[in-house]
Amino acid sequence: MMSHPHVQAVFFDIDGTLLGLKSKVIPDSTIEALAMLKAKGIKIFVSTGRSYEHAKFLEQYGFDGFITFNGSYCVDGDGQSFFRHTIDVDDIRILHDHLHMTENFPVGVMTTEGSFISDITDEVTAIFELLKLDVPRPRPFADALENEVLQLNLFVDQDKELHLINNVLKNCESSRWCPVFIDVNARGISKQIGMEQFFARYGLSAERTMAFGDGGNDIQMLRSAGVGVAMANAGENVKAAADYVTDTTEGHGIWNALKRYAII
């Protein structure tokens with residue numbers, strides 16, 4: 001057993017962390033662990049690439065705040081947003097031209113007003129079914145030019161990703177937690193930036209936090225937490241960034257790691 005002095009807050013990714021990759025549910029052991037953390041006065045936060053709309057179902061567990069869109073949009077425990085960082089409109093315009101002139105692929109657009117997708121292919125339908133999420137409504141990508149865009153999902157492989165980030169979306173960066181699409185956010189945005197908003201808001205210090213994640217978009221969060229825990233289903237690059245690798249979600253990974261560090 002390892003104890004960690006006075007952890008003040010714990011940050012949790014959703015997909016593959018709070019929710020099992022296969023089961024798509026939160027294990028009872030995790031629900032109990034969340035209640036025990038709250039009973040000890042430890043703050044609990046969601047930290048996800050999802051939209052707030054797609055993360056809100058977790059409110060019932062008493063989370064103290066939500067980092068959504070990989071840090072682009074932070075919401076407090078009362079559901080009030082207090083931080084947002086949108087993608088440069090020039091990047092949106094250049095991507096619009098690229099889709100129009102060069103190659104077309106589906107793009108999910110997450111705005112301050114809601115989400116839509118430029119094209120619904122079989123691949124798009126399959127991935128939303130897998131994630132147990134509703135497919136966003138289809139709308140022309142041009143509508144992105146009229147909105148404040150917090151995040152894009154580009155349905156592209158790794159080669160295309162590199163080309164687009166280097167040549168098209170020059171003020172953005174990408175991360176991948178799903179083999180089929182990438183999350184694109186304004187450059188400099190990450191879950192770590194989201195954590196920093198909550199550190200400032202609640203007077204927390206990074207070294208007295210713990211974070212759980214499994215995706216490429218969790219790497220900076222795991223590095224910046226006092227204790228970064230990677231789930232067993234995480235990629236090797238994510239495990240390398242963590243202080244500890246626990247079991248899968250279904251294998252009670254969150255409960256086991258919190259017990260191991262004597263937090264609960």
# chains A, B, ... in the order shown; residues from 1 in each chain; ligands from 1
>>> closest_atom_pairs(of="stretch 72-153 of chain A", to="stretch 187-210 of chain A", cutoff="10 Å", atoms="only C-alpha atoms", output="Markdown table")
| residue | atom | partner | partner_atom | distance |
| --- | --- | --- | --- | --- |
| A:Ser72 | CA | A:Ile189 | CA | 6.3 |
| A:Tyr73 | CA | A:Gly194 | CA | 7.6 |
| A:Cys74 | CA | A:Gly194 | CA | 6.5 |
| A:Val75 | CA | A:Phe198 | CA | 9.5 |
| A:Asp76 | CA | A:Phe198 | CA | 8.6 |
| A:Phe82 | CA | A:Gln197 | CA | 8.7 |
| A:Phe83 | CA | A:Gln197 | CA | 7.5 |
| A:Arg84 | CA | A:Gly194 | CA | 9.5 |
| A:His85 | CA | A:Ile189 | CA | 7.9 |
| A:Thr86 | CA | A:Ile189 | CA | 9.6 |
| A:Ile87 | CA | A:Arg187 | CA | 8.3 |
| A:Asp88 | CA | A:Arg187 | CA | 9.3 |
>>> write_last_selection(atoms="N, CA and C atoms", output="compact mmCIF listing (two decimals), in the first residue's frame")
# COMPACT_ATOMS: atom_id res chain seq x y z
N SER A 72 -11.29 22.82 -23.43
CA SER A 72 -11.78 24.04 -24.10
C SER A 72 -12.95 24.68 -23.37
N TYR A 73 -13.64 23.91 -22.53
CA TYR A 73 -14.89 24.38 -21.95
C TYR A 73 -15.02 23.78 -20.55
N CYS A 74 -14.97 24.62 -19.52
CA CYS A 74 -15.04 24.14 -18.14
C CYS A 74 -16.33 24.62 -17.49
N VAL A 75 -16.95 23.72 -16.75
CA VAL A 75 -18.25 23.96 -16.14
C VAL A 75 -18.15 23.61 -14.66
N ASP A 76 -18.68 24.49 -13.79
CA ASP A 76 -18.60 24.20 -12.35
C ASP A 76 -19.71 23.23 -11.93
N PHE A 82 -17.40 28.60 -16.95
CA PHE A 82 -16.58 29.74 -16.51
C PHE A 82 -15.28 29.86 -17.31
N PHE A 83 -15.09 28.95 -18.29
CA PHE A 83 -13.90 29.05 -19.14
C PHE A 83 -14.24 28.45 -20.48
N ARG A 84 -13.90 29.18 -21.55
CA ARG A 84 -14.07 28.62 -22.90
C ARG A 84 -12.96 29.15 -23.79
N HIS A 85 -12.52 28.30 -24.71
CA HIS A 85 -11.45 28.71 -25.61
C HIS A 85 -11.77 28.13 -26.98
N THR A 86 -12.05 29.00 -27.94
CA THR A 86 -12.55 28.53 -29.23
C THR A 86 -11.43 28.45 -30.27
N ILE A 87 -11.70 27.73 -31.36
CA ILE A 87 -10.75 27.55 -32.45
C ILE A 87 -10.74 28.80 -33.33
N ASP A 88 -9.56 29.18 -33.76
CA ASP A 88 -9.36 30.36 -34.61
C ASP A 88 -10.23 30.24 -35.88
>>> residues_around(residues="stretch 94-106 of chain A", least_positions_apart="3", cutoff="8 Å", atoms="only C-alpha atoms", output="ChimeraX atom specification")
/A:90-91,117-121,124,141-142,154-156,168-169
>>> write_last_selection(atoms="N, CA, C and O atoms", output="CSV table (one decimal), in the first residue's frame")
chain,number,residue,atom,x,y,z
A,90,ASP,N,-9.9,31.6,-38.7
A,90,ASP,CA,-9.1,31.4,-39.9
A,90,ASP,C,-8.9,29.9,-40.2
A,90,ASP,O,-9.0,29.5,-41.4
A,91,ASP,N,-8.7,29.1,-39.2
A,91,ASP,CA,-8.5,27.7,-39.3
A,91,ASP,C,-9.7,27.1,-39.9
A,91,ASP,O,-9.7,26.2,-40.7
A,117,ILE,N,-22.7,17.4,-37.5
A,117,ILE,CA,-21.6,16.7,-38.3
A,117,ILE,C,-21.9,16.9,-39.8
A,117,ILE,O,-23.0,17.1,-40.2
A,118,SER,N,-20.8,17.0,-40.5
A,118,SER,CA,-20.9,17.5,-41.9
A,118,SER,C,-21.3,16.3,-42.8
A,118,SER,O,-21.8,16.6,-43.9
A,119,ASP,N,-21.2,15.1,-42.4
A,119,ASP,CA,-21.5,14.0,-43.3
A,119,ASP,C,-21.7,12.7,-42.4
A,119,ASP,O,-20.9,12.5,-41.5
A,120,ILE,N,-22.7,11.9,-42.6
A,120,ILE,CA,-22.9,10.7,-41.9
A,120,ILE,C,-22.6,9.5,-42.8
A,120,ILE,O,-23.4,9.2,-43.6
A,121,THR,N,-21.5,8.9,-42.5
A,121,THR,CA,-21.1,7.7,-43.3
A,121,THR,C,-21.3,6.5,-42.4
A,121,THR,O,-21.7,6.6,-41.2
A,124,VAL,N,-19.1,6.6,-39.4
A,124,VAL,CA,-19.6,7.5,-38.4
A,124,VAL,C,-20.7,6.9,-37.5
A,124,VAL,O,-20.7,6.9,-36.3
A,141,PHE,N,-20.7,21.8,-43.4
A,141,PHE,CA,-19.6,22.3,-42.6
A,141,PHE,C,-19.6,23.9,-42.6
A,141,PHE,O,-19.1,24.5,-41.6
A,142,ALA,N,-20.1,24.5,-43.7
A,142,ALA,CA,-20.1,26.0,-43.8
A,142,ALA,C,-20.7,26.6,-42.5
A,142,ALA,O,-20.4,27.7,-42.1
A,154,LEU,N,-12.3,15.0,-36.6
A,154,LEU,CA,-12.0,14.7,-38.0
A,154,LEU,C,-11.8,13.2,-38.2
A,154,LEU,O,-11.0,12.6,-37.5
A,155,PHE,N,-12.6,12.7,-39.1
A,155,PHE,CA,-12.6,11.2,-39.3
A,155,PHE,C,-11.5,10.9,-40.3
A,155,PHE,O,-11.8,10.8,-41.5
A,156,VAL,N,-10.3,10.9,-39.8
A,156,VAL,CA,-9.1,10.7,-40.7
A,156,VAL,C,-8.1,9.8,-40.0
A,156,VAL,O,-8.1,9.6,-38.8
A,168,VAL,N,-3.2,22.7,-42.7
A,168,VAL,CA,-4.5,23.3,-42.8
A,168,VAL,C,-4.9,24.0,-41.4
A,168,VAL,O,-5.2,25.2,-41.4
A,169,LEU,N,-4.8,23.2,-40.4
A,169,LEU,CA,-5.3,23.7,-39.1
A,169,LEU,C,-4.1,24.1,-38.3
A,169,LEU,O,-3.7,23.5,-37.3
>>> closest_atom_pairs(of="stretch 84-196 of chain A", to="stretch 31-54 of chain A", cutoff="12 Å", atoms="only C-alpha atoms", output="CSV")
residue,atom,partner,partner_atom,distance
A:Arg84,CA,A:Tyr52,CA,11.9
A:Gly108,CA,A:Ser51,CA,11.5
A:Val109,CA,A:Ser51,CA,10.6
A:Met110,CA,A:Ser51,CA,7.4
A:Thr111,CA,A:Ser51,CA,9.3
A:Thr112,CA,A:Ser51,CA,9.7
A:Glu113,CA,A:Glu53,CA,10.6
A:Gly114,CA,A:Glu53,CA,8.3
A:Ser115,CA,A:Ser51,CA,8.5
A:Phe116,CA,A:Ser51,CA,11.7
A:Phe128,CA,A:His54,CA,11.8
A:Leu131,CA,A:His54,CA,10.7
A:Lys132,CA,A:His54,CA,10.3
A:Leu133,CA,A:His54,CA,7.7
A:Asp134,CA,A:His54,CA,9.2
A:Val135,CA,A:His54,CA,11.4
A:Pro136,CA,A:His54,CA,11.1
A:Val149,CA,A:Ser51,CA,11.8
A:Leu150,CA,A:Ser51,CA,9.3
A:Gln151,CA,A:Gly49,CA,8.8
A:Leu152,CA,A:Gly49,CA,10.4
A:Asn153,CA,A:Gly49,CA,10.0
A:Ser174,CA,A:Gly49,CA,11.3
A:Ser175,CA,A:Gly49,CA,9.4
A:Arg176,CA,A:Gly49,CA,9.7
A:Trp177,CA,A:Gly49,CA,8.6
A:Cys178,CA,A:Gly49,CA,10.8
A:Phe181,CA,A:Gly49,CA,11.9
A:Ile182,CA,A:Gly49,CA,10.2
A:Asp183,CA,A:Gly49,CA,7.3
A:Val184,CA,A:Gly49,CA,9.7
A:Asn185,CA,A:Gly49,CA,9.7
A:Ile189,CA,A:Gly49,CA,11.3
A:Ser190,CA,A:Gly49,CA,9.3
A:Lys191,CA,A:Ser47,CA,6.5
A:Gln192,CA,A:Ser47,CA,9.3
A:Ile193,CA,A:Ser47,CA,10.7
A:Gly194,CA,A:Ser47,CA,7.9
A:Met195,CA,A:Ser47,CA,8.2
A:Glu196,CA,A:Ser47,CA,11.8
>>> select_by_dssp(residues="stretch 21-227 of chain A", states="strand (DSSP E or B)", output="PyMOL selection string")
chain A and resi 43-47+65-68+73-76+81-84+107-111+114-117+137-138+149-154+172-178+181-186+209-213+227
>>> write_last_selection(atoms="N, CA and C atoms", output="short mmCIF file (atom, residue, chain, number, x, y, z; two decimals), in the first residue's frame")
data_model
loop_
_atom_site.label_atom_id
_atom_site.label_comp_id
_atom_site.auth_asym_id
_atom_site.auth_seq_id
_atom_site.Cartn_x
_atom_site.Cartn_y
_atom_site.Cartn_z
N LYS A 43 -12.48 16.62 -3.68
CA LYS A 43 -13.26 17.04 -4.85
C LYS A 43 -13.07 16.05 -5.99
N ILE A 44 -14.15 15.85 -6.77
CA ILE A 44 -14.08 14.95 -7.91
C ILE A 44 -14.49 15.70 -9.18
N PHE A 45 -13.71 15.52 -10.23
CA PHE A 45 -13.94 16.24 -11.49
C PHE A 45 -13.95 15.26 -12.67
N VAL A 46 -14.81 15.56 -13.63
CA VAL A 46 -14.80 14.85 -14.90
C VAL A 46 -13.85 15.59 -15.84
N SER A 47 -13.08 14.84 -16.63
CA SER A 47 -12.17 15.47 -17.60
C SER A 47 -12.24 14.67 -18.90
N GLY A 65 -17.21 19.50 -10.88
CA GLY A 65 -16.96 20.28 -12.09
C GLY A 65 -16.65 19.37 -13.26
N PHE A 66 -16.71 19.96 -14.45
CA PHE A 66 -16.50 19.20 -15.69
C PHE A 66 -15.52 19.94 -16.58
N ILE A 67 -14.44 19.25 -16.96
CA ILE A 67 -13.56 19.72 -18.03
C ILE A 67 -14.06 19.02 -19.28
N THR A 68 -14.54 19.77 -20.27
CA THR A 68 -15.07 19.14 -21.48
C THR A 68 -14.31 19.64 -22.70
N TYR A 73 -13.64 23.91 -22.53
CA TYR A 73 -14.89 24.38 -21.95
C TYR A 73 -15.02 23.78 -20.55
N CYS A 74 -14.97 24.62 -19.52
CA CYS A 74 -15.04 24.14 -18.14
C CYS A 74 -16.33 24.62 -17.49
N VAL A 75 -16.95 23.72 -16.75
CA VAL A 75 -18.25 23.96 -16.14
C VAL A 75 -18.15 23.61 -14.66
N ASP A 76 -18.68 24.49 -13.79
CA ASP A 76 -18.60 24.20 -12.35
C ASP A 76 -19.71 23.23 -11.93
N SER A 81 -20.80 27.55 -16.96
CA SER A 81 -19.49 27.53 -17.62
C SER A 81 -18.70 28.77 -17.20
N PHE A 82 -17.40 28.60 -16.95
CA PHE A 82 -16.58 29.74 -16.51
C PHE A 82 -15.28 29.86 -17.31
N PHE A 83 -15.09 28.95 -18.29
CA PHE A 83 -13.90 29.05 -19.14
C PHE A 83 -14.24 28.45 -20.48
N ARG A 84 -13.90 29.18 -21.55
CA ARG A 84 -14.07 28.62 -22.90
C ARG A 84 -12.96 29.15 -23.79
N VAL A 107 -16.66 15.67 -40.67
CA VAL A 107 -16.14 16.49 -39.58
C VAL A 107 -17.27 16.76 -38.59
N GLY A 108 -17.03 16.37 -37.34
CA GLY A 108 -17.94 16.73 -36.26
C GLY A 108 -17.57 18.11 -35.77
N VAL A 109 -18.57 18.97 -35.58
CA VAL A 109 -18.33 20.35 -35.17
C VAL A 109 -19.03 20.58 -33.83
N MET A 110 -18.26 20.94 -32.81
CA MET A 110 -18.84 21.21 -31.49
C MET A 110 -18.77 22.70 -31.22
N THR A 111 -19.92 23.33 -31.11
CA THR A 111 -19.95 24.77 -30.91
C THR A 111 -20.53 25.09 -29.53
N GLY A 114 -24.11 23.87 -29.53
CA GLY A 114 -24.49 22.48 -29.79
C GLY A 114 -23.59 21.88 -30.86
N SER A 115 -23.88 20.63 -31.23
CA SER A 115 -22.99 19.90 -32.14
C SER A 115 -23.71 19.49 -33.42
N PHE A 116 -22.94 19.37 -34.49
CA PHE A 116 -23.46 18.79 -35.73
C PHE A 116 -22.33 18.08 -36.44
N ILE A 117 -22.65 17.38 -37.53
CA ILE A 117 -21.63 16.67 -38.29
C ILE A 117 -21.86 16.93 -39.78
N ARG A 137 -26.76 15.89 -35.51
CA ARG A 137 -27.54 16.16 -36.72
C ARG A 137 -26.62 16.59 -37.85
N PRO A 138 -26.93 16.17 -39.08
CA PRO A 138 -26.08 16.58 -40.22
C PRO A 138 -26.37 18.02 -40.63
N VAL A 149 -16.51 27.74 -32.42
CA VAL A 149 -16.22 26.30 -32.42
C VAL A 149 -15.23 25.96 -31.31
N LEU A 150 -15.63 25.05 -30.44
CA LEU A 150 -14.79 24.62 -29.32
C LEU A 150 -13.92 23.43 -29.69
N GLN A 151 -14.45 22.58 -30.57
CA GLN A 151 -13.70 21.36 -30.92
C GLN A 151 -14.21 20.82 -32.26
N LEU A 152 -13.31 20.18 -32.99
CA LEU A 152 -13.68 19.46 -34.21
C LEU A 152 -13.30 17.99 -34.02
N ASN A 153 -14.08 17.09 -34.63
CA ASN A 153 -13.68 15.68 -34.75
C ASN A 153 -13.48 15.40 -36.23
N LEU A 154 -12.27 15.04 -36.61
CA LEU A 154 -11.98 14.73 -38.00
C LEU A 154 -11.84 13.22 -38.17
N CYS A 172 -4.05 24.85 -34.42
CA CYS A 172 -4.73 23.80 -33.64
C CYS A 172 -3.76 22.68 -33.30
N GLU A 173 -4.20 21.81 -32.40
CA GLU A 173 -3.48 20.56 -32.20
C GLU A 173 -4.48 19.43 -32.09
N SER A 174 -3.99 18.22 -32.33
CA SER A 174 -4.90 17.07 -32.36
C SER A 174 -4.51 16.07 -31.28
N SER A 175 -5.48 15.29 -30.86
CA SER A 175 -5.22 14.14 -29.99
C SER A 175 -6.20 13.06 -30.39
N ARG A 176 -5.84 11.83 -30.08
CA ARG A 176 -6.65 10.70 -30.56
C ARG A 176 -6.93 9.76 -29.40
N TRP A 177 -8.21 9.53 -29.13
CA TRP A 177 -8.55 8.51 -28.14
C TRP A 177 -9.36 7.41 -28.79
N CYS A 178 -9.53 7.55 -30.10
CA CYS A 178 -10.33 6.62 -30.85
C CYS A 178 -9.64 6.41 -32.20
N PHE A 181 -11.21 8.63 -35.37
CA PHE A 181 -11.23 10.10 -35.50
C PHE A 181 -10.27 10.75 -34.53
N ILE A 182 -9.96 12.02 -34.81
CA ILE A 182 -9.13 12.80 -33.90
C ILE A 182 -9.97 13.93 -33.31
N ASP A 183 -9.62 14.34 -32.12
CA ASP A 183 -10.14 15.58 -31.53
C ASP A 183 -9.20 16.69 -31.96
N VAL A 184 -9.74 17.79 -32.40
CA VAL A 184 -8.93 18.96 -32.74
C VAL A 184 -9.38 20.12 -31.86
N ASN A 185 -8.43 20.71 -31.15
CA ASN A 185 -8.69 21.86 -30.28
C ASN A 185 -7.71 22.98 -30.61
N ALA A 186 -8.02 24.16 -30.14
CA ALA A 186 -7.09 25.28 -30.31
C ALA A 186 -5.73 24.91 -29.72
N THR A 209 -3.16 16.27 -6.35
CA THR A 209 -4.26 15.74 -7.16
C THR A 209 -3.89 14.37 -7.72
N MET A 210 -4.93 13.67 -8.16
CA MET A 210 -4.75 12.37 -8.79
C MET A 210 -5.60 12.40 -10.05
N ALA A 211 -5.17 11.72 -11.11
CA ALA A 211 -5.95 11.70 -12.34
C ALA A 211 -5.93 10.30 -12.94
N PHE A 212 -7.06 9.93 -13.56
CA PHE A 212 -7.23 8.62 -14.21
C PHE A 212 -7.57 8.82 -15.68
N GLY A 213 -6.89 8.08 -16.57
CA GLY A 213 -7.20 8.20 -17.99
C GLY A 213 -6.64 7.04 -18.79
N VAL A 227 -0.41 12.27 -8.85
CA VAL A 227 -0.36 10.86 -9.21
C VAL A 227 -1.20 10.66 -10.46
#
>>> atom_distance(atom1="atom CA of A:Ile263", atom2="atom CA of A:Asp78")
25.5 Å
>>> atom_distance(atom1="atom CA of A:Ala240", atom2="atom CA of A:Gly216")
11.1 Å
>>> atom_distance(atom1="atom CA of A:Ile92", atom2="atom CA of A:Asn147")
10.0 Å
>>> select_by_dssp(residues="stretch 74-150 of chain A", states="helix (DSSP H, G or I)", output="list of chain:residue names")
A:Val89, A:Asp90, A:Asp91, A:Ile92, A:Arg93, A:Ile94, A:Leu95, A:His96, A:Asp97, A:His98, A:Leu99, A:His100, A:Met101, A:Asp122, A:Glu123, A:Val124, A:Thr125, A:Ala126, A:Ile127, A:Phe128, A:Glu129, A:Leu130, A:Phe141, A:Ala142, A:Asp143, A:Ala144, A:Leu145, A:Glu146
>>> write_last_selection(atoms="N, CA, C and O atoms", output="mmCIF file, in the first residue's frame")
data_model
loop_
_atom_site.group_PDB
_atom_site.id
_atom_site.type_symbol
_atom_site.label_atom_id
_atom_site.label_comp_id
_atom_site.auth_asym_id
_atom_site.auth_seq_id
_atom_site.Cartn_x
_atom_site.Cartn_y
_atom_site.Cartn_z
ATOM 1 N N VAL A 89 -11.007 31.282 -36.142
ATOM 2 C CA VAL A 89 -11.932 31.255 -37.282
ATOM 3 C C VAL A 89 -11.190 31.123 -38.620
ATOM 4 O O VAL A 89 -11.717 30.556 -39.587
ATOM 5 N N ASP A 90 -9.940 31.580 -38.679
ATOM 6 C CA ASP A 90 -9.149 31.410 -39.908
ATOM 7 C C ASP A 90 -8.925 29.931 -40.210
ATOM 8 O O ASP A 90 -8.965 29.506 -41.370
ATOM 9 N N ASP A 91 -8.673 29.149 -39.153
ATOM 10 C CA ASP A 91 -8.472 27.705 -39.338
ATOM 11 C C ASP A 91 -9.747 27.051 -39.867
ATOM 12 O O ASP A 91 -9.698 26.162 -40.721
ATOM 13 N N ILE A 92 -10.885 27.479 -39.350
ATOM 14 C CA ILE A 92 -12.173 26.938 -39.796
ATOM 15 C C ILE A 92 -12.369 27.250 -41.285
ATOM 16 O O ILE A 92 -12.783 26.394 -42.076
ATOM 17 N N ARG A 93 -12.023 28.461 -41.656
ATOM 18 C CA ARG A 93 -12.191 28.895 -43.054
ATOM 19 C C ARG A 93 -11.286 28.070 -43.994
ATOM 20 O O ARG A 93 -11.710 27.616 -45.046
ATOM 21 N N ILE A 94 -10.029 27.879 -43.579
ATOM 22 C CA ILE A 94 -9.080 27.125 -44.415
ATOM 23 C C ILE A 94 -9.511 25.653 -44.514
ATOM 24 O O ILE A 94 -9.428 25.049 -45.585
ATOM 25 N N LEU A 95 -10.001 25.089 -43.416
ATOM 26 C CA LEU A 95 -10.499 23.709 -43.461
ATOM 27 C C LEU A 95 -11.723 23.629 -44.384
ATOM 28 O O LEU A 95 -11.862 22.675 -45.160
ATOM 29 N N HIS A 96 -12.582 24.625 -44.333
ATOM 30 C CA HIS A 96 -13.757 24.663 -45.198
ATOM 31 C C HIS A 96 -13.331 24.617 -46.670
ATOM 32 O O HIS A 96 -13.867 23.844 -47.476
ATOM 33 N N ASP A 97 -12.330 25.413 -47.021
ATOM 34 C CA ASP A 97 -11.833 25.431 -48.405
ATOM 35 C C ASP A 97 -11.223 24.078 -48.789
ATOM 36 O O ASP A 97 -11.421 23.591 -49.898
ATOM 37 N N HIS A 98 -10.481 23.489 -47.843
ATOM 38 C CA HIS A 98 -9.837 22.193 -48.085
ATOM 39 C C HIS A 98 -10.890 21.116 -48.364
ATOM 40 O O HIS A 98 -10.756 20.321 -49.306
ATOM 41 N N LEU A 99 -11.952 21.093 -47.562
ATOM 42 C CA LEU A 99 -13.022 20.101 -47.730
ATOM 43 C C LEU A 99 -13.736 20.308 -49.067
ATOM 44 O O LEU A 99 -14.194 19.368 -49.698
ATOM 45 N N HIS A 100 -13.816 21.541 -49.470
ATOM 46 C CA HIS A 100 -14.534 21.909 -50.690
ATOM 47 C C HIS A 100 -13.717 21.573 -51.942
ATOM 48 O O HIS A 100 -14.245 21.071 -52.928
ATOM 49 N N MET A 101 -12.403 21.839 -51.865
ATOM 50 C CA MET A 101 -11.556 21.767 -53.056
ATOM 51 C C MET A 101 -10.755 20.463 -53.149
ATOM 52 O O MET A 101 -10.506 19.970 -54.242
ATOM 53 N N ASP A 122 -21.147 5.295 -42.958
ATOM 54 C CA ASP A 122 -21.307 4.063 -42.173
ATOM 55 C C ASP A 122 -20.340 4.036 -40.992
ATOM 56 O O ASP A 122 -20.677 3.591 -39.900
ATOM 57 N N GLU A 123 -19.125 4.542 -41.245
ATOM 58 C CA GLU A 123 -18.099 4.568 -40.196
ATOM 59 C C GLU A 123 -18.538 5.468 -39.036
ATOM 60 O O GLU A 123 -18.380 5.116 -37.865
ATOM 61 N N VAL A 124 -19.103 6.616 -39.382
ATOM 62 C CA VAL A 124 -19.597 7.550 -38.361
ATOM 63 C C VAL A 124 -20.702 6.892 -37.544
ATOM 64 O O VAL A 124 -20.678 6.903 -36.308
ATOM 65 N N THR A 125 -21.665 6.283 -38.230
ATOM 66 C CA THR A 125 -22.781 5.621 -37.542
ATOM 67 C C THR A 125 -22.268 4.534 -36.606
ATOM 68 O O THR A 125 -22.687 4.445 -35.450
ATOM 69 N N ALA A 126 -21.315 3.743 -37.108
ATOM 70 C CA ALA A 126 -20.774 2.633 -36.315
ATOM 71 C C ALA A 126 -20.076 3.131 -35.053
ATOM 72 O O ALA A 126 -20.246 2.566 -33.969
ATOM 73 N N ILE A 127 -19.299 4.203 -35.181
ATOM 74 C CA ILE A 127 -18.536 4.673 -34.016
ATOM 75 C C ILE A 127 -19.461 5.275 -32.960
ATOM 76 O O ILE A 127 -19.277 5.077 -31.758
ATOM 77 N N PHE A 128 -20.516 5.990 -33.385
ATOM 78 C CA PHE A 128 -21.443 6.546 -32.400
ATOM 79 C C PHE A 128 -22.236 5.432 -31.703
ATOM 80 O O PHE A 128 -22.516 5.523 -30.512
ATOM 81 N N GLU A 129 -22.547 4.373 -32.447
ATOM 82 C CA GLU A 129 -23.217 3.216 -31.824
ATOM 83 C C GLU A 129 -22.309 2.593 -30.783
ATOM 84 O O GLU A 129 -22.746 2.238 -29.691
ATOM 85 N N LEU A 130 -21.022 2.458 -31.149
ATOM 86 C CA LEU A 130 -20.037 1.861 -30.245
ATOM 87 C C LEU A 130 -19.914 2.680 -28.960
ATOM 88 O O LEU A 130 -19.805 2.136 -27.861
ATOM 89 N N PHE A 141 -20.740 21.843 -43.415
ATOM 90 C CA PHE A 141 -19.605 22.328 -42.630
ATOM 91 C C PHE A 141 -19.557 23.860 -42.614
ATOM 92 O O PHE A 141 -19.094 24.463 -41.640
ATOM 93 N N ALA A 142 -20.066 24.483 -43.671
ATOM 94 C CA ALA A 142 -20.079 25.957 -43.750
ATOM 95 C C ALA A 142 -20.730 26.608 -42.524
ATOM 96 O O ALA A 142 -20.372 27.723 -42.145
ATOM 97 N N ASP A 143 -21.659 25.877 -41.886
ATOM 98 C CA ASP A 143 -22.312 26.429 -40.684
ATOM 99 C C ASP A 143 -21.307 26.697 -39.561
ATOM 100 O O ASP A 143 -21.568 27.501 -38.668
ATOM 101 N N ALA A 144 -20.157 26.004 -39.615
ATOM 102 C CA ALA A 144 -19.118 26.210 -38.594
ATOM 103 C C ALA A 144 -18.581 27.637 -38.651
ATOM 104 O O ALA A 144 -18.099 28.171 -37.647
ATOM 105 N N LEU A 145 -18.673 28.262 -39.819
ATOM 106 C CA LEU A 145 -18.159 29.630 -39.979
ATOM 107 C C LEU A 145 -19.012 30.640 -39.220
ATOM 108 O O LEU A 145 -18.567 31.747 -38.930
ATOM 109 N N GLU A 146 -20.241 30.236 -38.886
ATOM 110 C CA GLU A 146 -21.177 31.153 -38.210
ATOM 111 C C GLU A 146 -21.146 30.984 -36.697
ATOM 112 O O GLU A 146 -21.887 31.655 -35.999
#
>>> closest_residue(among="A:Thr246, A:Asn167, A:Asn233, A:Asn256", to="A:Asp15", atoms="only C-alpha atoms")
A:Asn233
>>> closest_residue(among="A:Gly77, A:Leu164, A:Thr30, A:Asn217", to="A:Asp13", atoms="only C-alpha atoms")
A:Asn217
>>> closest_residue(among="A:Ala262, A:Trp255, A:Glu250, A:Asp157", to="A:Ser23", atoms="only C-alpha atoms")
A:Glu250
